[in-house]
2 protein chains.
Amino acid sequence: MSNFSNRVTALLGIKYPIIQGGMIWASGWRLAAAVSNAGGLGVIGGGSMQPDLLREHIIKCKQATDKPFAVNLPLLYSGIDKQMEVLIQEEVPIIITSAGNPSTWTPLLKSKSRIVLHVVSSAKFAKKAEAAGCDAVIAEGFEAGGHNGREETTTLVLIPAVVKAVQLPVIAAGGIATGRQLFAVLSLGAEGVQMGTRFVASEEASSHPDFKKMVISAAEGDTQLSMKKLTPVRLLKNKFYHDVHAAEERGATSEELTTLLGKGRARKGMFDGDLNEGELEIGQVSALLDTILPASTIIENVWSEFQKACAKPFRNSAD
Amino acid sequence: MSNFSNRVTALLGIKYPIIQGGMIWASGWRLAAAVSNAGGLGVIGGGSMQPDLLREHIIKCKQATDKPFAVNLPLLYSGIDKQMEVLIQEEVPIIITSAGNPSTWTPLLKSKSRIVLHVVSSAKFAKKAEAAGCDAVIAEGFEAGGHNGREETTTLVLIPAVVKAVQLPVIAAGGIATGRQLFAVLSLGAEGVQMGTRFVASEEASSHPDFKKMVISAAEGDTQLSMKKLTPVRLLKNKFYHDVHAAEERGATSEELTTLLGKGRARKGMFDGDLNEGELEIGQVSALLDTILPASTIIENVWSEFQKACAKPFRNSAD
């Protein structure tokens, strides 16, 4: 298993089929370079970056690693044109798009010989990504942190559905932080994983230290998919979440929720460390985590456990 | 792999680590006996049965199979005393309890040498089941049909959490209908699976034929966890679901939802076949199903695919 390879490792030019989620306020050049240097695919979460800052992170990432890396851009924000311009100018080799229509940008990016991955929450959207010319899809289940699909399909059900629907390589996301989970989703037909929450709890993540501590303290049931009348988002249950939840229970409209959300909540929580009033996006798998580790150790641990699972897939069985 | 064995197959005296979910209005003696005869564990869903009817199903099941079978009883309904009395009198060997406190009935049942399994939605509840003296836990994720936990933890995250928390054998439930999914959850440390939705779409299920057809026609996103102000329940999106959803969006109270639900909705939908006004409980994995099969064929197919996964766990990989 020292030289594992499949379509995802070949496509992305990486040693391990492990992709770090591109997360706003968490994954800048430090985390991305650390993951790429450790043999995974590091991803700069460009969603929260103005074009100049994005360019700076890309340049620093190139200086810090000679391995492939990617930038993730959610397509739902204004300003996407300027961000894409930076990716093209700076020769970013791999681009991950999410939260939007894959046919908008994929043709241009493919004409520039970039590798394009698109994040989907259903087999239907995976087919659209395939038709748009994407190179692979990242199929993200309900348990994932941050913005999420309306179907609420969990990773265990989503991966077989997407694998059946498209010929493209499928990367599984949502609920994955361990080597046995990597093994499990590969056995469902995925050829790689994207892990977000696990890398928030890394030393190199730019998330506020207090937020990281709250992530590794979280227990089962401490996150909830929220704000479904706007764009569904999985949040840690803090004061802000409870304010939103109370409003929703009363039947608040989308306008009222937009007002309650206001501006800059995500930065306030995850980057500035206001654990009461900030928006704290994290996945369910936070319940399984209790350590903040260097990114390279995370990858070593996951791969070591994956190899053990390959050698002995089941617990207590004799066949 | 012809003689697979682990703690679950040994405990329950079954050939395959496959347990059929005990589902109201779907799993009477016919389905239970068919599953047990095929080498799984058949389960009579006793929740919807009055004591005399429950006794009749148990007696008929014993006549139809000489293999072990179980009865599932949700502990949240009144009349549970009379139902338990029937299980004790009729020497039912395996009892599955759900939706209640495992310490209420487990000591009595263990004093009668019965095997007791309890359904849980979290590691915390699994520990309670272990402390109560249960023999194994069934850990059921968010994607499951019917009544569901408030934590909303998905099977992919729940199984590692429960396996870590208890010494008891863990049976995975929620989102499982295929042999590769069986393989995946066993690799996470489960030692068996409980499948509900897959067996609703069986020839022997007593579910209305029109409901079975609707189940195999369902796509991703066609079910939703609903009525969270009462007891959360995963429903197929029919007219009744949309009525409930509209009321919830307006901020309906639990009292208003109770009135809207009324009496007998589950029977009306799943047994009588009123697909508009009835309550239709089913799991997300319905999206992966397109056939109604004999229970024995379901088990053969799952086991055959499981064996293929054992022989070649990953798609397109070279190591």
# chains A, B, ... in the order shown; residues from 1 in each chain; ligands from 1
>>> select_by_dssp(residues="stretch 147-314 of chain A", states="alpha helix (DSSP H)", output="PyMOL selection string")
chain A and resi 155-165+179-187+197-200+209-217+239-249+254-261+265-266+295-311
>>> closest_atom_pairs(of="chain A", to="chain B", cutoff="8 Å", atoms="only C-alpha atoms", output="CSV")
residue,atom,partner,partner_atom,distance
A:Met1,CA,B:Asp319,CA,5.4
A:Ser2,CA,B:Asp319,CA,7.5
A:Asn3,CA,B:Asp319,CA,5.8
A:Phe4,CA,B:Asp319,CA,4.4
A:Ser5,CA,B:Ala318,CA,5.5
A:Asn6,CA,B:Ser317,CA,4.4
A:Arg7,CA,B:Asn316,CA,7.0
A:Ser122,CA,B:Glu220,CA,6.9
A:Ala123,CA,B:Glu220,CA,7.9
A:Glu143,CA,B:Thr154,CA,6.6
A:Arg150,CA,B:Gly221,CA,7.4
A:Glu151,CA,B:Gly221,CA,4.0
A:Glu152,CA,B:Gly221,CA,6.6
A:Thr153,CA,B:Gly221,CA,6.6
A:Thr154,CA,B:Glu143,CA,6.6
A:Thr155,CA,B:Leu156,CA,7.3
A:Leu156,CA,B:Leu156,CA,6.4
A:Val157,CA,B:Gly175,CA,5.8
A:Pro160,CA,B:Leu288,CA,7.9
A:Ala161,CA,B:Leu288,CA,6.5
A:Gly175,CA,B:Val157,CA,5.8
A:Ile176,CA,B:Val157,CA,7.7
A:Arg180,CA,B:Leu188,CA,5.9
A:Gln181,CA,B:Leu188,CA,6.6
A:Phe183,CA,B:Ser187,CA,7.4
A:Ala184,CA,B:Ala184,CA,4.3
A:Val185,CA,B:Ala184,CA,6.9
A:Leu186,CA,B:Phe314,CA,5.8
A:Ser187,CA,B:Pro313,CA,5.0
A:Leu188,CA,B:Arg180,CA,5.9
A:Gly189,CA,B:Arg315,CA,5.5
A:Ala190,CA,B:Arg315,CA,7.5
A:Glu191,CA,B:Arg315,CA,7.1
A:Glu220,CA,B:Glu151,CA,6.5
A:Gly221,CA,B:Glu151,CA,4.0
A:Asp222,CA,B:Glu151,CA,7.6
A:Gln224,CA,B:Glu152,CA,7.7
A:Glu248,CA,B:Gly251,CA,7.2
A:Glu249,CA,B:Gly251,CA,5.4
A:Arg250,CA,B:Gly251,CA,4.5
A:Gly251,CA,B:Gly251,CA,3.7
A:Ala252,CA,B:Gly251,CA,7.5
A:Gln284,CA,B:Thr153,CA,6.9
A:Val285,CA,B:Val157,CA,6.0
A:Ala287,CA,B:Ala161,CA,7.8
A:Leu288,CA,B:Ala161,CA,6.5
A:Ala309,CA,B:Ser187,CA,7.0
A:Pro313,CA,B:Ser187,CA,5.0
A:Phe314,CA,B:Ser187,CA,5.1
A:Arg315,CA,B:Gly189,CA,5.5
A:Asn316,CA,B:Asn6,CA,5.9
A:Ser317,CA,B:Asn6,CA,4.5
A:Ala318,CA,B:Ser5,CA,5.5
A:Asp319,CA,B:Phe4,CA,4.4
>>> write_last_selection(atoms="C-alpha atoms", output="mmCIF file, in the first residue's frame")
data_model
loop_
_atom_site.group_PDB
_atom_site.id
_atom_site.type_symbol
_atom_site.label_atom_id
_atom_site.label_comp_id
_atom_site.auth_asym_id
_atom_site.auth_seq_id
_atom_site.Cartn_x
_atom_site.Cartn_y
_atom_site.Cartn_z
ATOM 1 C CA MET A 1 0.000 0.000 0.000
ATOM 2 C CA SER A 2 3.039 2.265 -0.084
ATOM 3 C CA ASN A 3 2.230 3.290 -3.639
ATOM 4 C CA PHE A 4 -1.571 3.507 -3.636
ATOM 5 C CA SER A 5 -2.914 5.000 -6.834
ATOM 6 C CA ASN A 6 -6.231 5.549 -8.526
ATOM 7 C CA ARG A 7 -7.841 8.082 -10.858
ATOM 8 C CA SER A 122 -26.827 15.010 -5.364
ATOM 9 C CA ALA A 123 -26.478 12.681 -8.342
ATOM 10 C CA GLU A 143 -23.037 15.829 7.874
ATOM 11 C CA ARG A 150 -31.250 21.020 0.372
ATOM 12 C CA GLU A 151 -31.673 17.271 -0.226
ATOM 13 C CA GLU A 152 -29.992 16.481 3.136
ATOM 14 C CA THR A 153 -28.666 13.217 1.705
ATOM 15 C CA THR A 154 -25.993 11.733 3.947
ATOM 16 C CA THR A 155 -22.587 10.645 2.689
ATOM 17 C CA LEU A 156 -23.435 6.934 3.131
ATOM 18 C CA VAL A 157 -26.371 7.246 0.724
ATOM 19 C CA PRO A 160 -23.366 5.141 -4.048
ATOM 20 C CA ALA A 161 -25.943 7.358 -5.809
ATOM 21 C CA GLY A 175 -18.382 13.247 8.072
ATOM 22 C CA ILE A 176 -14.871 11.992 7.287
ATOM 23 C CA ARG A 180 -11.402 3.838 8.709
ATOM 24 C CA GLN A 181 -13.885 6.371 7.337
ATOM 25 C CA PHE A 183 -11.577 3.083 3.854
ATOM 26 C CA ALA A 184 -15.384 2.930 4.200
ATOM 27 C CA VAL A 185 -16.146 5.583 1.582
ATOM 28 C CA LEU A 186 -13.559 4.195 -0.845
ATOM 29 C CA SER A 187 -15.348 0.857 -0.518
ATOM 30 C CA LEU A 188 -18.545 2.634 -1.589
ATOM 31 C CA GLY A 189 -16.847 3.625 -4.847
ATOM 32 C CA ALA A 190 -15.336 7.001 -3.990
ATOM 33 C CA GLU A 191 -11.720 7.441 -5.059
ATOM 34 C CA GLU A 220 -22.676 14.439 19.063
ATOM 35 C CA GLY A 221 -25.668 16.687 18.487
ATOM 36 C CA ASP A 222 -23.647 19.882 18.989
ATOM 37 C CA GLN A 224 -27.239 21.477 13.374
ATOM 38 C CA GLU A 248 -37.050 29.742 13.088
ATOM 39 C CA GLU A 249 -39.239 28.011 15.660
ATOM 40 C CA ARG A 250 -41.427 31.128 15.700
ATOM 41 C CA GLY A 251 -41.698 30.946 11.904
ATOM 42 C CA ALA A 252 -39.301 33.773 11.013
ATOM 43 C CA GLN A 284 -20.741 16.604 12.618
ATOM 44 C CA VAL A 285 -17.433 14.737 12.678
ATOM 45 C CA ALA A 287 -17.726 14.926 17.705
ATOM 46 C CA LEU A 288 -14.962 12.406 16.942
ATOM 47 C CA ALA A 309 -8.200 -1.179 7.795
ATOM 48 C CA PRO A 313 -11.271 -4.583 7.575
ATOM 49 C CA PHE A 314 -13.550 -5.947 10.308
ATOM 50 C CA ARG A 315 -13.623 -5.994 14.074
ATOM 51 C CA ASN A 316 -13.855 -9.337 15.883
ATOM 52 C CA SER A 317 -14.704 -11.348 12.799
ATOM 53 C CA ALA A 318 -13.519 -14.810 11.837
ATOM 54 C CA ASP A 319 -14.217 -15.977 8.329
#
>>> closest_residue(among="B:Ser98, B:Asn238, B:Thr297, B:Gln20", to="B:Val116", atoms="only C-alpha atoms")
B:Ser98
>>> select_by_dssp(residues="stretch 122-195 of chain B", states="strand (DSSP E or B)", output="PDB file with N, CA and C atoms, in the first residue's frame")
ATOM      1  N   ALA B 136     -26.597  -6.039  22.936  1.00  0.00           N
ATOM      2  CA  ALA B 136     -26.019  -5.330  21.795  1.00  0.00           C
ATOM      3  C   ALA B 136     -26.827  -4.061  21.591  1.00  0.00           C
ATOM      4  N   VAL B 137     -26.252  -3.127  20.856  1.00  0.00           N
ATOM      5  CA  VAL B 137     -27.011  -1.920  20.508  1.00  0.00           C
ATOM      6  C   VAL B 137     -27.140  -1.822  18.995  1.00  0.00           C
ATOM      7  N   ILE B 138     -28.261  -1.287  18.581  1.00  0.00           N
ATOM      8  CA  ILE B 138     -28.484  -0.948  17.177  1.00  0.00           C
ATOM      9  C   ILE B 138     -28.346   0.567  17.097  1.00  0.00           C
ATOM     10  N   ALA B 139     -27.294   1.036  16.436  1.00  0.00           N
ATOM     11  CA  ALA B 139     -27.030   2.483  16.346  1.00  0.00           C
ATOM     12  C   ALA B 139     -27.593   2.981  15.020  1.00  0.00           C
ATOM     13  N   GLU B 140     -28.604   3.826  15.125  1.00  0.00           N
ATOM     14  CA  GLU B 140     -29.375   4.227  13.942  1.00  0.00           C
ATOM     15  C   GLU B 140     -29.135   5.691  13.600  1.00  0.00           C
ATOM     16  N   GLY B 146     -38.696   6.648   9.524  1.00  0.00           N
ATOM     17  CA  GLY B 146     -39.459   6.588  10.767  1.00  0.00           C
ATOM     18  C   GLY B 146     -38.865   7.454  11.863  1.00  0.00           C
ATOM     19  N   HIS B 147     -39.129   7.071  13.104  1.00  0.00           N
ATOM     20  CA  HIS B 147     -38.694   7.890  14.230  1.00  0.00           C
ATOM     21  C   HIS B 147     -37.181   7.887  14.362  1.00  0.00           C
ATOM     22  N   VAL B 170     -22.034  -3.674  18.098  1.00  0.00           N
ATOM     23  CA  VAL B 170     -22.815  -2.566  17.530  1.00  0.00           C
ATOM     24  C   VAL B 170     -23.369  -2.997  16.175  1.00  0.00           C
ATOM     25  N   ILE B 171     -24.657  -2.798  16.006  1.00  0.00           N
ATOM     26  CA  ILE B 171     -25.332  -3.077  14.737  1.00  0.00           C
ATOM     27  C   ILE B 171     -25.675  -1.733  14.116  1.00  0.00           C
ATOM     28  N   ALA B 172     -25.277  -1.532  12.866  1.00  0.00           N
ATOM     29  CA  ALA B 172     -25.483  -0.229  12.214  1.00  0.00           C
ATOM     30  C   ALA B 172     -26.828  -0.194  11.501  1.00  0.00           C
ATOM     31  N   ALA B 173     -27.524   0.928  11.623  1.00  0.00           N
ATOM     32  CA  ALA B 173     -28.807   1.101  10.942  1.00  0.00           C
ATOM     33  C   ALA B 173     -28.903   2.516  10.397  1.00  0.00           C
ATOM     34  N   GLY B 192     -22.847  -5.834  12.428  1.00  0.00           N
ATOM     35  CA  GLY B 192     -24.056  -6.253  11.750  1.00  0.00           C
ATOM     36  C   GLY B 192     -24.779  -5.013  11.259  1.00  0.00           C
ATOM     37  N   VAL B 193     -25.812  -5.249  10.449  1.00  0.00           N
ATOM     38  CA  VAL B 193     -26.645  -4.134   9.987  1.00  0.00           C
ATOM     39  C   VAL B 193     -28.107  -4.436  10.245  1.00  0.00           C
ATOM     40  N   GLN B 194     -28.871  -3.383  10.451  1.00  0.00           N
ATOM     41  CA  GLN B 194     -30.335  -3.487  10.422  1.00  0.00           C
ATOM     42  C   GLN B 194     -30.805  -2.706   9.210  1.00  0.00           C
ATOM     43  N   MET B 195     -31.578  -3.354   8.358  1.00  0.00           N
ATOM     44  CA  MET B 195     -32.104  -2.709   7.157  1.00  0.00           C
ATOM     45  C   MET B 195     -33.625  -2.667   7.248  1.00  0.00           C
TER      46      MET B 195
END
>>> residues_around(residues="stretch 46-56 of chain B", least_positions_apart="2", cutoff="9 Å", atoms="only C-alpha atoms", output="PyMOL selection string")
chain B and resi 22-25+27-29+43-44+58-61+71-75+77+79-80+82-87+90+267
>>> residues_around(residues="B:Ser103", least_positions_apart="2", cutoff="9 Å", atoms="only C-alpha atoms", output="number ranges by chain")
B: 100-101, 105-107, 128-129, 131-134
